[in-house]
>>> print(open('input11.tsv').read())   # TSV, N, CA and C atoms
chain	number	residue	atom	x	y	z
A	1	MET	N	25.52	-11.65	20.52
A	1	MET	CA	25.32	-12.89	19.78
A	1	MET	C	24.00	-12.78	19.01
A	2	LEU	N	24.05	-13.11	17.73
A	2	LEU	CA	22.88	-13.06	16.86
A	2	LEU	C	22.13	-14.38	16.95
A	3	GLN	N	20.84	-14.29	17.23
A	3	GLN	CA	20.01	-15.48	17.33
A	3	GLN	C	19.11	-15.54	16.11
A	4	VAL	N	19.16	-16.64	15.38
A	4	VAL	CA	18.35	-16.82	14.20
A	4	VAL	C	17.17	-17.72	14.56
A	5	ILE	N	15.97	-17.23	14.28
A	5	ILE	CA	14.76	-18.01	14.56
A	5	ILE	C	14.16	-18.44	13.23
A	6	GLN	N	13.99	-19.73	13.06
A	6	GLN	CA	13.38	-20.23	11.84
A	6	GLN	C	11.91	-20.49	12.11
A	7	GLN	N	11.09	-20.03	11.20
A	7	GLN	CA	9.64	-20.17	11.33
A	7	GLN	C	9.10	-20.75	10.04
A	8	ARG	N	8.29	-21.76	10.13
A	8	ARG	CA	7.64	-22.31	8.94
A	8	ARG	C	6.38	-21.52	8.68
A	9	ILE	N	6.21	-21.13	7.43
A	9	ILE	CA	5.01	-20.39	7.06
A	9	ILE	C	4.37	-21.05	5.85
A	10	GLN	N	3.07	-20.85	5.72
A	10	GLN	CA	2.32	-21.41	4.59
A	10	GLN	C	2.43	-20.43	3.42
A	11	VAL	N	2.97	-20.93	2.30
A	11	VAL	CA	3.06	-20.12	1.09
A	11	VAL	C	2.22	-20.83	0.03
A	12	LEU	N	1.26	-20.10	-0.53
A	12	LEU	CA	0.41	-20.67	-1.58
A	12	LEU	C	1.22	-20.86	-2.86
A	13	PRO	N	0.75	-21.72	-3.77
A	13	PRO	CA	1.52	-22.00	-5.00
A	13	PRO	C	1.89	-20.75	-5.82
A	14	ASP	N	1.10	-19.69	-5.75
A	14	ASP	CA	1.41	-18.48	-6.52
A	14	ASP	C	2.30	-17.51	-5.74
A	15	GLY	N	2.77	-17.92	-4.55
A	15	GLY	CA	3.69	-17.09	-3.77
A	15	GLY	C	3.02	-16.20	-2.74
A	16	ARG	N	1.67	-16.29	-2.64
A	16	ARG	CA	0.96	-15.47	-1.64
A	16	ARG	C	1.09	-16.09	-0.26
A	17	VAL	N	1.09	-15.20	0.74
A	17	VAL	CA	1.16	-15.61	2.14
A	17	VAL	C	0.01	-14.93	2.87
A	18	PRO	N	-0.82	-15.68	3.62
A	18	PRO	CA	-1.90	-15.05	4.40
A	18	PRO	C	-1.33	-14.09	5.44
A	19	ARG	N	-2.14	-13.12	5.86
A	19	ARG	CA	-1.67	-12.09	6.81
A	19	ARG	C	-1.10	-12.71	8.09
A	20	MET	N	-1.74	-13.72	8.63
A	20	MET	CA	-1.24	-14.35	9.86
A	20	MET	C	0.17	-14.89	9.66
A	21	GLU	N	0.40	-15.54	8.53
A	21	GLU	CA	1.71	-16.12	8.23
A	21	GLU	C	2.73	-15.01	7.96
A	22	ALA	N	2.30	-13.96	7.27
A	22	ALA	CA	3.18	-12.83	6.99
A	22	ALA	C	3.63	-12.17	8.29
A	23	ALA	N	2.70	-12.03	9.22
A	23	ALA	CA	3.03	-11.44	10.52
A	23	ALA	C	4.05	-12.31	11.25
A	24	ALA	N	3.87	-13.61	11.21
A	24	ALA	CA	4.83	-14.52	11.85
A	24	ALA	C	6.20	-14.40	11.19
A	25	PHE	N	6.21	-14.29	9.86
A	25	PHE	CA	7.47	-14.15	9.12
A	25	PHE	C	8.21	-12.89	9.55
A	26	LEU	N	7.47	-11.80	9.76
A	26	LEU	CA	8.07	-10.52	10.13
A	26	LEU	C	8.27	-10.37	11.63
A	27	GLY	N	7.74	-11.31	12.41
A	27	GLY	CA	7.86	-11.22	13.86
A	27	GLY	C	6.98	-10.14	14.46
A	28	ARG	N	5.85	-9.90	13.83
A	28	ARG	CA	4.89	-8.87	14.26
A	28	ARG	C	3.52	-9.50	14.47
A	29	ALA	N	2.62	-8.74	15.06
A	29	ALA	CA	1.23	-9.20	15.23
A	29	ALA	C	0.46	-8.90	13.94
A	30	PRO	N	-0.53	-9.72	13.60
A	30	PRO	CA	-1.34	-9.45	12.42
A	30	PRO	C	-1.97	-8.06	12.43
A	31	LYS	N	-2.36	-7.58	13.63
A	31	LYS	CA	-2.94	-6.24	13.74
A	31	LYS	C	-1.93	-5.16	13.36
A	32	THR	N	-0.66	-5.42	13.60
A	32	THR	CA	0.38	-4.46	13.22
A	32	THR	C	0.42	-4.33	11.70
A	33	LEU	N	0.34	-5.45	10.98
A	33	LEU	CA	0.33	-5.40	9.52
A	33	LEU	C	-0.91	-4.68	9.02
A	34	ALA	N	-2.05	-4.89	9.67
A	34	ALA	CA	-3.28	-4.20	9.29
A	34	ALA	C	-3.12	-2.70	9.47
A	35	GLU	N	-2.51	-2.29	10.58
A	35	GLU	CA	-2.28	-0.87	10.84
A	35	GLU	C	-1.28	-0.29	9.85
A	36	TRP	N	-0.21	-1.01	9.56
A	36	TRP	CA	0.75	-0.55	8.56
A	36	TRP	C	0.06	-0.34	7.23
A	37	SER	N	-0.81	-1.26	6.86
A	37	SER	CA	-1.54	-1.15	5.60
A	37	SER	C	-2.38	0.12	5.58
A	38	ARG	N	-3.07	0.39	6.67
A	38	ARG	CA	-3.91	1.58	6.79
A	38	ARG	C	-3.08	2.86	6.65
A	39	LEU	N	-1.87	2.83	7.19
A	39	LEU	CA	-1.00	4.00	7.18
A	39	LEU	C	-0.11	4.09	5.94
A	40	GLY	N	-0.16	3.06	5.09
A	40	GLY	CA	0.69	3.05	3.90
A	40	GLY	C	2.12	2.64	4.19
A	41	LEU	N	2.32	1.92	5.27
A	41	LEU	CA	3.65	1.44	5.66
A	41	LEU	C	3.74	-0.06	5.42
A	42	GLY	N	4.94	-0.59	5.52
A	42	GLY	CA	5.13	-2.03	5.43
A	42	GLY	C	5.03	-2.57	4.02
A	43	PRO	N	5.08	-3.90	3.89
A	43	PRO	CA	4.99	-4.52	2.56
A	43	PRO	C	3.58	-4.34	1.99
A	44	LYS	N	3.49	-4.32	0.67
A	44	LYS	CA	2.21	-4.07	-0.01
A	44	LYS	C	1.25	-5.25	0.17
A	45	PRO	N	0.06	-5.00	0.72
A	45	PRO	CA	-0.95	-6.06	0.86
A	45	PRO	C	-1.77	-6.20	-0.42
A	46	HIS	N	-2.35	-7.38	-0.62
A	46	HIS	CA	-3.21	-7.66	-1.77
A	46	HIS	C	-4.48	-8.31	-1.25
A	47	ARG	N	-5.64	-7.81	-1.69
A	47	ARG	CA	-6.93	-8.39	-1.29
A	47	ARG	C	-7.40	-9.38	-2.35
A	48	VAL	N	-7.78	-10.56	-1.89
A	48	VAL	CA	-8.34	-11.59	-2.76
A	48	VAL	C	-9.55	-12.16	-2.04
A	49	GLY	N	-10.73	-11.94	-2.59
A	49	GLY	CA	-11.94	-12.47	-1.98
A	49	GLY	C	-12.16	-11.98	-0.56
A	50	GLY	N	-11.78	-10.76	-0.27
A	50	GLY	CA	-11.99	-10.20	1.05
A	50	GLY	C	-10.90	-10.54	2.06
A	51	ARG	N	-9.96	-11.39	1.67
A	51	ARG	CA	-8.84	-11.75	2.55
A	51	ARG	C	-7.59	-10.99	2.12
A	52	VAL	N	-6.70	-10.76	3.05
A	52	VAL	CA	-5.47	-10.02	2.77
A	52	VAL	C	-4.30	-10.99	2.69
A	53	PHE	N	-3.52	-10.81	1.63
A	53	PHE	CA	-2.33	-11.63	1.40
A	53	PHE	C	-1.15	-10.73	1.11
A	54	TYR	N	0.05	-11.28	1.27
A	54	TYR	CA	1.29	-10.61	0.91
A	54	TYR	C	2.08	-11.60	0.07
A	55	PHE	N	2.83	-11.11	-0.90
A	55	PHE	CA	3.68	-11.98	-1.68
A	55	PHE	C	4.98	-12.19	-0.91
A	56	LEU	N	5.45	-13.43	-0.87
A	56	LEU	CA	6.66	-13.77	-0.13
A	56	LEU	C	7.84	-12.93	-0.60
A	57	CYS	N	7.95	-12.71	-1.90
A	57	CYS	CA	9.07	-11.90	-2.40
A	57	CYS	C	9.00	-10.47	-1.86
A	58	ASP	N	7.79	-9.92	-1.68
A	58	ASP	CA	7.65	-8.58	-1.09
A	58	ASP	C	8.07	-8.57	0.38
A	59	LEU	N	7.72	-9.64	1.10
A	59	LEU	CA	8.10	-9.74	2.51
A	59	LEU	C	9.62	-9.83	2.65
A	60	GLN	N	10.24	-10.65	1.80
A	60	GLN	CA	11.68	-10.80	1.86
A	60	GLN	C	12.39	-9.50	1.50
A	61	GLU	N	11.87	-8.80	0.51
A	61	GLU	CA	12.45	-7.51	0.12
A	61	GLU	C	12.31	-6.48	1.25
A	62	PHE	N	11.16	-6.49	1.90
A	62	PHE	CA	10.91	-5.58	3.02
A	62	PHE	C	11.92	-5.82	4.13
A	63	VAL	N	12.14	-7.07	4.47
A	63	VAL	CA	13.09	-7.42	5.53
A	63	VAL	C	14.51	-7.01	5.12
A	64	ALA	N	14.87	-7.32	3.88
A	64	ALA	CA	16.23	-7.04	3.41
A	64	ALA	C	16.53	-5.54	3.33
A	65	SER	N	15.54	-4.77	2.92
A	65	SER	CA	15.78	-3.33	2.72
A	65	SER	C	15.47	-2.49	3.94
A	66	GLY	N	14.69	-3.04	4.85
A	66	GLY	CA	14.26	-2.26	6.00
A	66	GLY	C	13.29	-1.16	5.59
A	67	ALA	N	12.59	-1.36	4.47
A	67	ALA	CA	11.66	-0.36	3.92
A	67	ALA	C	10.54	-0.07	4.91
A	68	ARG	N	9.98	1.15	4.85
A	68	ARG	CA	8.91	1.54	5.76
A	68	ARG	C	7.65	1.98	5.02
A	69	GLU	N	7.65	1.95	3.68
A	69	GLU	CA	6.48	2.40	2.94
A	69	GLU	C	6.04	1.34	1.93
A	70	SER	N	4.74	1.27	1.69
A	70	SER	CA	4.22	0.38	0.65
A	70	SER	C	4.60	0.94	-0.70
A	71	LYS	N	4.78	0.06	-1.64
A	71	LYS	CA	5.10	0.50	-3.01
A	71	LYS	C	3.93	0.29	-3.92
>>> encode(input="input11.tsv", output="structure tokens")
Amino acid sequence: MLQVIQQRIQVLPDGRVPRMEAAAFLGRAPKTLAEWSRLGLGPKPHRVGGRVFYFLCDLQEFVASGARESK
């Protein structure tokens, strides 16, 4: 049986999602996303003012494709 979990996440008006929210969206820990970034895996991160964000469309594409590398 497939269980669907709905999670509310904060999406900024330009489509950016903070790392904590992106991790929740992907069902991973924020440190996992940081490690993926270091290794060149996972969705592409973007730095703005020293903070890391992900675009929601990139997160959705990552989930849909099962991709393992940053583009």
>>> atom_distance(input="input11.tsv", atom1="atom CA of A:Arg19", atom2="atom N of A:Gly42")
13.3 Å
>>> residues_around(input="input11.tsv", residues="A:Val52", least_positions_apart="5", cutoff="7 Å", atoms="only C-alpha atoms", output="VMD selection string")
chain A and resid 18 to 19 45 to 47
>>> select_by_dssp(input="input11.tsv", residues="chain A", states="strand (DSSP E)", output="list in words")
Arg16, Val17, Pro18, His46, Arg47, Val48, Arg51, Val52, Phe53, Tyr54 and Phe55 of chain A
>>> residues_around(input="input11.tsv", residues="A:Phe53", least_positions_apart="5", cutoff="12 Å", atoms="only C-alpha atoms", output="JSON, numbers by chain")
{"A": [10, 11, 12, 14, 15, 16, 17, 18, 19, 20, 21, 22, 23, 30, 33, 34, 37, 43, 44, 45, 46, 47, 48, 58, 59]}
>>> atom_distance(input="input11.tsv", atom1="atom N of A:Phe25", atom2="atom CA of A:Glu61")
13.4 Å
>>> select_by_dssp(input="input11.tsv", residues="chain A", states="helix (DSSP H, G or I)", output="ChimeraX atom specification")
/A:19-26,30-39,56-65
>>> atom_distance(input="input11.tsv", atom1="atom CA of A:Glu35", atom2="atom CA of A:Tyr54")
14.4 Å
>>> axis_aligned_box(input="input11.tsv", around="stretch 16-20 of chain A", padding_each_side="8 Å", output="lines of an AutoDock Vina configuration file")
center_x = -0.2
center_y = -14.2
center_z = 3.6
size_x = 19.8
size_y = 20.2
size_z = 28.5
>>> residues_around(input="input11.tsv", residues="A:Gln60", least_positions_apart="4", cutoff="10 Å", atoms="only C-alpha atoms", output="MDAnalysis selection string")
chainID A and resid 25:26 43 55:56 64:66
>>> write_last_selection(input="input11.tsv", atoms="N, CA and C atoms", output="tab-separated table (two decimals), in the coordinates of the input")
chain	number	residue	atom	x	y	z
A	25	PHE	N	6.21	-14.29	9.86
A	25	PHE	CA	7.47	-14.15	9.12
A	25	PHE	C	8.21	-12.89	9.55
A	26	LEU	N	7.47	-11.80	9.76
A	26	LEU	CA	8.07	-10.52	10.13
A	26	LEU	C	8.27	-10.37	11.63
A	43	PRO	N	5.08	-3.90	3.89
A	43	PRO	CA	4.99	-4.52	2.56
A	43	PRO	C	3.58	-4.34	1.99
A	55	PHE	N	2.83	-11.11	-0.90
A	55	PHE	CA	3.68	-11.98	-1.68
A	55	PHE	C	4.98	-12.19	-0.91
A	56	LEU	N	5.45	-13.43	-0.87
A	56	LEU	CA	6.66	-13.77	-0.13
A	56	LEU	C	7.84	-12.93	-0.60
A	64	ALA	N	14.87	-7.32	3.88
A	64	ALA	CA	16.23	-7.04	3.41
A	64	ALA	C	16.53	-5.54	3.33
A	65	SER	N	15.54	-4.77	2.92
A	65	SER	CA	15.78	-3.33	2.72
A	65	SER	C	15.47	-2.49	3.94
A	66	GLY	N	14.69	-3.04	4.85
A	66	GLY	CA	14.26	-2.26	6.00
A	66	GLY	C	13.29	-1.16	5.59
>>> build_atoms(input="input11.tsv", residues="stretch 46-57 of chain A", atoms="all heavy atoms", output="tab-separated table (two decimals), keeping the file's coordinate frame")
chain	number	residue	atom	x	y	z
A	46	HIS	N	-2.35	-7.38	-0.62
A	46	HIS	CA	-3.21	-7.66	-1.77
A	46	HIS	C	-4.48	-8.31	-1.25
A	46	HIS	O	-4.42	-9.24	-0.45
A	46	HIS	CB	-2.51	-8.60	-2.75
A	46	HIS	CG	-1.22	-8.04	-3.28
A	46	HIS	ND1	-1.16	-7.24	-4.38
A	46	HIS	CD2	0.04	-8.17	-2.83
A	46	HIS	CE1	0.10	-6.89	-4.59
A	46	HIS	NE2	0.84	-7.44	-3.66
A	47	ARG	N	-5.64	-7.81	-1.69
A	47	ARG	CA	-6.93	-8.39	-1.29
A	47	ARG	C	-7.40	-9.38	-2.35
A	47	ARG	O	-7.43	-9.06	-3.52
A	47	ARG	CB	-7.98	-7.31	-1.13
A	47	ARG	CG	-7.83	-6.53	0.13
A	47	ARG	CD	-9.15	-5.84	0.49
A	47	ARG	NE	-9.01	-5.17	1.76
A	47	ARG	CZ	-9.21	-5.76	2.93
A	47	ARG	NH1	-9.59	-7.01	2.98
A	47	ARG	NH2	-9.04	-5.09	4.05
A	48	VAL	N	-7.78	-10.56	-1.89
A	48	VAL	CA	-8.34	-11.59	-2.76
A	48	VAL	C	-9.55	-12.16	-2.04
A	48	VAL	O	-9.41	-12.77	-0.98
A	48	VAL	CB	-7.32	-12.71	-3.07
A	48	VAL	CG1	-7.94	-13.78	-3.94
A	48	VAL	CG2	-6.06	-12.14	-3.72
A	49	GLY	N	-10.73	-11.94	-2.59
A	49	GLY	CA	-11.94	-12.47	-1.98
A	49	GLY	C	-12.16	-11.98	-0.56
A	49	GLY	O	-12.64	-12.74	0.28
A	50	GLY	N	-11.78	-10.76	-0.27
A	50	GLY	CA	-11.99	-10.20	1.05
A	50	GLY	C	-10.90	-10.54	2.06
A	50	GLY	O	-10.91	-10.05	3.18
A	51	ARG	N	-9.96	-11.39	1.67
A	51	ARG	CA	-8.84	-11.75	2.55
A	51	ARG	C	-7.59	-10.99	2.12
A	51	ARG	O	-7.43	-10.66	0.96
A	51	ARG	CB	-8.59	-13.25	2.51
A	51	ARG	CG	-9.75	-14.05	3.08
A	51	ARG	CD	-9.47	-15.53	3.10
A	51	ARG	NE	-8.34	-15.79	3.96
A	51	ARG	CZ	-7.57	-16.88	3.85
A	51	ARG	NH1	-7.82	-17.79	2.92
A	51	ARG	NH2	-6.56	-17.07	4.65
A	52	VAL	N	-6.70	-10.76	3.05
A	52	VAL	CA	-5.47	-10.02	2.77
A	52	VAL	C	-4.30	-10.99	2.69
A	52	VAL	O	-4.12	-11.85	3.56
A	52	VAL	CB	-5.20	-8.95	3.85
A	52	VAL	CG1	-3.90	-8.22	3.59
A	52	VAL	CG2	-6.36	-7.96	3.90
A	53	PHE	N	-3.52	-10.81	1.63
A	53	PHE	CA	-2.33	-11.63	1.40
A	53	PHE	C	-1.15	-10.73	1.11
A	53	PHE	O	-1.31	-9.57	0.73
A	53	PHE	CB	-2.53	-12.57	0.21
A	53	PHE	CG	-3.58	-13.60	0.41
A	53	PHE	CD1	-4.90	-13.36	0.04
A	53	PHE	CD2	-3.28	-14.83	0.96
A	53	PHE	CE1	-5.88	-14.30	0.22
A	53	PHE	CE2	-4.26	-15.79	1.14
A	53	PHE	CZ	-5.56	-15.54	0.78
A	54	TYR	N	0.05	-11.28	1.27
A	54	TYR	CA	1.29	-10.61	0.91
A	54	TYR	C	2.08	-11.60	0.07
A	54	TYR	O	2.01	-12.81	0.29
A	54	TYR	CB	2.11	-10.26	2.16
A	54	TYR	CG	1.41	-9.29	3.07
A	54	TYR	CD1	0.47	-9.72	4.00
A	54	TYR	CD2	1.67	-7.92	2.99
A	54	TYR	CE1	-0.19	-8.82	4.82
A	54	TYR	CE2	1.01	-7.02	3.81
A	54	TYR	CZ	0.09	-7.48	4.72
A	54	TYR	OH	-0.56	-6.59	5.53
A	55	PHE	N	2.83	-11.11	-0.90
A	55	PHE	CA	3.68	-11.98	-1.68
A	55	PHE	C	4.98	-12.19	-0.91
A	55	PHE	O	5.55	-11.24	-0.36
A	55	PHE	CB	3.95	-11.42	-3.08
A	55	PHE	CG	2.78	-11.63	-4.01
A	55	PHE	CD1	1.92	-10.59	-4.29
A	55	PHE	CD2	2.54	-12.86	-4.58
A	55	PHE	CE1	0.83	-10.78	-5.12
A	55	PHE	CE2	1.46	-13.06	-5.42
A	55	PHE	CZ	0.61	-12.02	-5.69
A	56	LEU	N	5.45	-13.43	-0.87
A	56	LEU	CA	6.66	-13.77	-0.13
A	56	LEU	C	7.84	-12.93	-0.60
A	56	LEU	O	8.62	-12.45	0.22
A	56	LEU	CB	6.97	-15.26	-0.26
A	56	LEU	CG	8.21	-15.74	0.50
A	56	LEU	CD1	8.08	-15.47	2.00
A	56	LEU	CD2	8.44	-17.23	0.25
A	57	CYS	N	7.95	-12.71	-1.90
A	57	CYS	CA	9.07	-11.90	-2.40
A	57	CYS	C	9.00	-10.47	-1.86
A	57	CYS	O	10.04	-9.87	-1.55
A	57	CYS	CB	9.11	-11.91	-3.93
A	57	CYS	SG	7.64	-11.27	-4.73
